[in-house]
Amino acid sequence: MTNLHYYVLAALLAFAFALRVPGLIRHWRDPFVRSVSLLLPLASAVFFFAAPPTISSVNGLTGMANLSAPVVYGIVTALSAALVNLMITWRGGPEEQRRAATRWCVGVYGAVIVALFTLFALGDAPEERLLDFDTHYANAPYIREMIVLYIAGHALSTLTLAVLCWRWAREVPGLLRIGLVLIVAGSFLSLAWDACKLLAVAARWTGHDWDGVSTTVAPTVASLATLTQAVGLVLPSVSQSLAIRWRRWSQYRRLRPLWLTMRAVTPYGAVGIPWWSSLSIRHLRRTILIRDGLRLLRASLDRDTSPCAQATTSILDPLEPESARHVSTVLTALAGLPRSAPGDAGSSVESVLEGDDDGLVMLSDAIHVLMVHDDHALRRFHRRPARPARPTGQPGGLHPDRPSARPVGVDGD
């Protein structure tokens with residue numbers, strides 16, 4: 001593993017954390033969001049400070065050979081604490097118990113970090129080692145205990161995380177399950193890293209030289225483990241964000257027929273917004289104009305939601321013919337929506353206004369179907385040969401040059 005690989009991995013983990021920053025800001029009070037978001041920068045810091053150039057710089061700036069060793073071990077231990085805290089949050093339970101468990105976690109792993117620096121201060125490591133510190137000082141008093149302590153703490157937290165994630169993965173579907181399985185796979189790779197480190201150190205205890213397992217195999221396994229876990233952590237949140245954006249775009253697109261209808265019947269135009277406005281702003285403008293238009297027409301629309309009855313009333317008379325046709329379309333669409341209670345003639349405009357955007361989308365879909373149906377009917381009308389009009393006194397009399405005032409879609413059109 002070259003020096004560049006350390007920094008590339010650190011940058012990738014930092015980028016994964018950057019993807020979570022918006023959600024972290026919006027849901028800072030959510031302990032689960034905080035727990036997941038804390039793991040990524042800590043993992044990035046591990047690879048950044050474990051890179052040989054960074055190790056050399058830290059040692060040179062402090063003037064102490066190998067001081068970067070307890071620094072890296074301390075970050076690894078903090079990462080282990082973050083994993084345990086994540087498990088505490090996932091487990092749930094009463095908030096007071098969760099906070100107490102979190103305080104215990106911080107206290108215990110904080111004591112481990114203090115012990116690491118204390119053991120390093122008590123030990124003797126005068127020769128700077130950039131790659132093989134673990135194996136070179138495997139037999140040094142106090143340094144040996146420091147090495148075993150940080151590996152054991154990391155292995156314990158990783159094993160517990162793998163067990164809990166596997167149990168949870170068996171209970172949830174979809175991308176969340178895939179993310180949990182990836183975390184489990186990454187956890188087993190992390191355990192393999194712990195095993196490589198301990199194996200190389202134990203070989204030194206028995207007089208053998210297996211340093212390559214620690215300096216070559218272990219870093220490669222650690223990089224794979226970290227990337228796998230990072231993908232597992234980011235995948236559910238990214239997929240959820242994409243799903244929310246797609247749903248918002250779908251709603252925005254499907255609201256267009258109702259939006260155009262309300263623009264035709266309201267006395268004012270839509271509020272202008274810059275062309276670079278986000279989808280959220282455009283969606284908000286569209287829903288506001290729709291709701292304002294429905295409120296303006298509430299008296300006419302709530303008079304009777306029956307299309308046939310509306311066709312014979314005079315409430316549409318003051319409106320322009322085109323506006324009256326649009327209002328009739330809204331009436332027909334309202335009557336065709338699912339009934340909110342047995343015996344209702346359909347959904348009133350009040351129920352649509354009081355509901356969420358899904359109700360507006362349903363109404364817009366119904367209007368879209370009616371518009372398509374009406375367009376087909378007009379095409380059939382123009383293709384039919386002209387027939388003499390019935391006398392105006394007879395029922396159903398229509399003038400061939402004057403469109404009917406009945407709502408679109410009535411009588412099978």
# chains A, B, ... in the order shown; residues from 1 in each chain; ligands from 1
>>> select_by_dssp(residues="range 86-177 of chain A", states="alpha helix (DSSP H)", output="ChimeraX atom specification")
/A:86-91,95-122,133-136,143-169,174-177
>>> residues_around(residues="range 246-249 of chain A", least_positions_apart="5", cutoff="12 Å", atoms="only C-alpha atoms", output="VMD selection string")
chain A and resid 239 to 241 254 to 256 278 to 284 286 to 287 357 to 358 361
>>> write_last_selection(atoms="all heavy atoms", output="CSV table (one decimal), in the first residue's frame")
chain,number,residue,atom,x,y,z
A,239,SER,N,-29.6,6.6,-0.8
A,239,SER,CA,-30.7,6.1,-1.6
A,239,SER,C,-32.0,6.7,-1.1
A,239,SER,O,-32.9,7.0,-1.9
A,239,SER,CB,-30.8,4.5,-1.4
A,239,SER,OG,-30.9,4.2,0.0
A,240,GLN,N,-32.1,7.0,0.2
A,240,GLN,CA,-33.3,7.6,0.7
A,240,GLN,C,-33.4,9.0,0.2
A,240,GLN,O,-34.5,9.5,-0.2
A,240,GLN,CB,-33.3,7.6,2.3
A,240,GLN,CG,-34.5,8.3,2.9
A,240,GLN,CD,-34.4,8.3,4.4
A,240,GLN,OE1,-33.4,8.0,5.0
A,240,GLN,NE2,-35.5,8.6,5.1
A,241,SER,N,-32.3,9.7,0.1
A,241,SER,CA,-32.3,11.1,-0.4
A,241,SER,C,-32.7,11.1,-1.9
A,241,SER,O,-33.5,11.9,-2.3
A,241,SER,CB,-30.9,11.7,-0.2
A,241,SER,OG,-30.9,13.0,-0.8
A,254,ARG,N,-46.5,15.7,-12.1
A,254,ARG,CA,-47.9,15.3,-12.1
A,254,ARG,C,-48.8,16.4,-11.8
A,254,ARG,O,-50.0,16.4,-12.1
A,254,ARG,CB,-48.1,14.1,-11.2
A,254,ARG,CG,-47.4,12.8,-11.7
A,254,ARG,CD,-47.4,11.8,-10.7
A,254,ARG,NE,-48.7,11.4,-10.3
A,254,ARG,CZ,-48.9,10.5,-9.3
A,254,ARG,NH1,-47.9,10.0,-8.6
A,254,ARG,NH2,-50.2,10.2,-9.0
A,255,LEU,N,-48.4,17.5,-11.1
A,255,LEU,CA,-49.2,18.6,-10.7
A,255,LEU,C,-49.4,19.6,-11.8
A,255,LEU,O,-50.2,20.5,-11.7
A,255,LEU,CB,-48.6,19.3,-9.5
A,255,LEU,CG,-48.8,18.7,-8.1
A,255,LEU,CD1,-48.0,19.4,-7.0
A,255,LEU,CD2,-50.3,18.5,-7.7
A,256,ARG,N,-48.7,19.4,-12.9
A,256,ARG,CA,-48.8,20.4,-14.0
A,256,ARG,C,-50.2,20.6,-14.5
A,256,ARG,O,-50.6,21.7,-14.7
A,256,ARG,CB,-47.8,20.0,-15.1
A,256,ARG,CG,-47.9,20.9,-16.3
A,256,ARG,CD,-46.8,20.5,-17.4
A,256,ARG,NE,-47.0,21.3,-18.6
A,256,ARG,CZ,-46.5,22.5,-18.7
A,256,ARG,NH1,-45.8,23.1,-17.7
A,256,ARG,NH2,-46.6,23.2,-19.8
A,278,SER,N,-34.3,26.1,-7.1
A,278,SER,CA,-34.3,24.7,-6.9
A,278,SER,C,-35.7,24.0,-7.1
A,278,SER,O,-36.7,24.7,-7.2
A,278,SER,CB,-33.8,24.4,-5.5
A,278,SER,OG,-34.8,24.9,-4.5
A,279,LEU,N,-35.7,22.7,-7.2
A,279,LEU,CA,-36.9,22.0,-7.4
A,279,LEU,C,-37.9,22.2,-6.2
A,279,LEU,O,-39.1,22.3,-6.4
A,279,LEU,CB,-36.6,20.5,-7.5
A,279,LEU,CG,-37.8,19.6,-7.6
A,279,LEU,CD1,-38.7,19.9,-8.8
A,279,LEU,CD2,-37.4,18.1,-7.7
A,280,SER,N,-37.3,22.3,-5.0
A,280,SER,CA,-38.2,22.6,-3.8
A,280,SER,C,-38.9,23.9,-3.9
A,280,SER,O,-40.1,24.0,-3.6
A,280,SER,CB,-37.3,22.6,-2.5
A,280,SER,OG,-36.7,21.3,-2.4
A,281,ILE,N,-38.3,24.9,-4.4
A,281,ILE,CA,-38.9,26.2,-4.6
A,281,ILE,C,-40.0,26.2,-5.7
A,281,ILE,O,-41.1,26.7,-5.5
A,281,ILE,CB,-37.9,27.3,-4.8
A,281,ILE,CG1,-36.9,27.5,-3.6
A,281,ILE,CG2,-38.5,28.6,-5.2
A,281,ILE,CD1,-35.9,28.5,-3.8
A,282,ARG,N,-39.6,25.5,-6.8
A,282,ARG,CA,-40.6,25.4,-7.9
A,282,ARG,C,-41.8,24.6,-7.4
A,282,ARG,O,-43.0,24.9,-7.8
A,282,ARG,CB,-39.9,24.8,-9.1
A,282,ARG,CG,-38.8,25.6,-9.7
A,282,ARG,CD,-38.2,24.9,-10.8
A,282,ARG,NE,-37.1,25.7,-11.4
A,282,ARG,CZ,-37.3,26.7,-12.3
A,282,ARG,NH1,-38.5,26.9,-12.8
A,282,ARG,NH2,-36.3,27.3,-12.8
A,283,HIS,N,-41.6,23.5,-6.7
A,283,HIS,CA,-42.7,22.7,-6.2
A,283,HIS,C,-43.6,23.5,-5.2
A,283,HIS,O,-44.8,23.4,-5.3
A,283,HIS,CB,-42.1,21.5,-5.5
A,283,HIS,CG,-43.2,20.5,-5.0
A,283,HIS,ND1,-43.8,20.6,-3.8
A,283,HIS,CD2,-43.7,19.4,-5.6
A,283,HIS,CE1,-44.7,19.7,-3.7
A,283,HIS,NE2,-44.7,18.9,-4.8
A,284,LEU,N,-42.9,24.3,-4.4
A,284,LEU,CA,-43.7,25.1,-3.4
A,284,LEU,C,-44.5,26.2,-4.1
A,284,LEU,O,-45.7,26.4,-3.8
A,284,LEU,CB,-42.7,25.8,-2.4
A,284,LEU,CG,-43.3,26.7,-1.4
A,284,LEU,CD1,-44.3,25.9,-0.5
A,284,LEU,CD2,-42.3,27.4,-0.6
A,286,ARG,N,-45.7,26.0,-7.2
A,286,ARG,CA,-46.8,25.3,-7.9
A,286,ARG,C,-47.9,25.0,-6.9
A,286,ARG,O,-49.1,25.2,-7.2
A,286,ARG,CB,-46.2,24.1,-8.6
A,286,ARG,CG,-47.3,23.3,-9.4
A,286,ARG,CD,-46.6,22.4,-10.4
A,286,ARG,NE,-46.0,23.2,-11.5
A,286,ARG,CZ,-45.5,22.6,-12.6
A,286,ARG,NH1,-45.5,21.3,-12.7
A,286,ARG,NH2,-45.0,23.4,-13.5
A,287,THR,N,-47.6,24.4,-5.7
A,287,THR,CA,-48.6,24.0,-4.8
A,287,THR,C,-49.4,25.2,-4.2
A,287,THR,O,-50.6,25.2,-4.0
A,287,THR,CB,-48.0,23.1,-3.7
A,287,THR,OG1,-47.0,23.9,-3.0
A,287,THR,CG2,-47.5,21.8,-4.2
A,357,ASP,N,-50.0,17.0,-0.2
A,357,ASP,CA,-49.8,17.2,-1.6
A,357,ASP,C,-50.3,16.0,-2.4
A,357,ASP,O,-50.6,16.1,-3.6
A,357,ASP,CB,-48.3,17.4,-2.0
A,357,ASP,CG,-47.9,18.8,-1.4
A,357,ASP,OD1,-48.7,19.6,-1.1
A,357,ASP,OD2,-46.6,19.0,-1.4
A,358,ASP,N,-50.4,14.8,-1.7
A,358,ASP,CA,-50.9,13.6,-2.5
A,358,ASP,C,-52.3,13.8,-3.0
A,358,ASP,O,-52.7,13.3,-4.0
A,358,ASP,CB,-50.8,12.4,-1.5
A,358,ASP,CG,-49.4,12.0,-1.2
A,358,ASP,OD1,-48.5,12.4,-2.0
A,358,ASP,OD2,-49.2,11.3,-0.2
A,361,VAL,N,-52.1,15.8,-6.1
A,361,VAL,CA,-51.6,15.0,-7.2
A,361,VAL,C,-52.7,14.1,-7.7
A,361,VAL,O,-52.9,13.9,-9.0
A,361,VAL,CB,-50.4,14.1,-6.7
A,361,VAL,CG1,-50.0,13.1,-7.8
A,361,VAL,CG2,-49.2,15.0,-6.3
>>> residues_around(residues="Ala115 in chain A", least_positions_apart="6", cutoff="10 Å", atoms="only C-alpha atoms", output="count of residues only")
8
>>> residues_around(residues="Ala202 in chain A", least_positions_apart="6", cutoff="10 Å", atoms="only C-alpha atoms", output="ChimeraX atom specification")
/A:135,138-139,196,208-210
>>> closest_residue(among="A:Leu156, A:Val112, A:Leu42, A:Ala185", to="Val84 in chain A", atoms="only C-alpha atoms")
A:Leu156
>>> atom_distance(atom1="CA of Leu86 in chain A", atom2="CA of Asp134 in chain A")
28.4 Å
>>> closest_atom_pairs(of="range 47-112 of chain A", to="range 160-163 of chain A", cutoff="12 Å", atoms="only C-alpha atoms", output="tab-separated table")
residue	atom	partner	partner_atom	distance
A:Ser80	CA	A:Leu161	CA	9.8
A:Ala81	CA	A:Leu161	CA	11.1
A:Ala82	CA	A:Leu161	CA	10.6
A:Leu83	CA	A:Leu161	CA	6.8
A:Val84	CA	A:Leu161	CA	7.2
A:Asn85	CA	A:Leu161	CA	10.0
A:Leu86	CA	A:Leu161	CA	8.4
A:Met87	CA	A:Leu161	CA	6.5
A:Ile88	CA	A:Leu161	CA	10.0
A:Thr89	CA	A:Leu161	CA	11.7
A:Trp90	CA	A:Leu161	CA	10.2
A:Arg91	CA	A:Leu161	CA	11.0
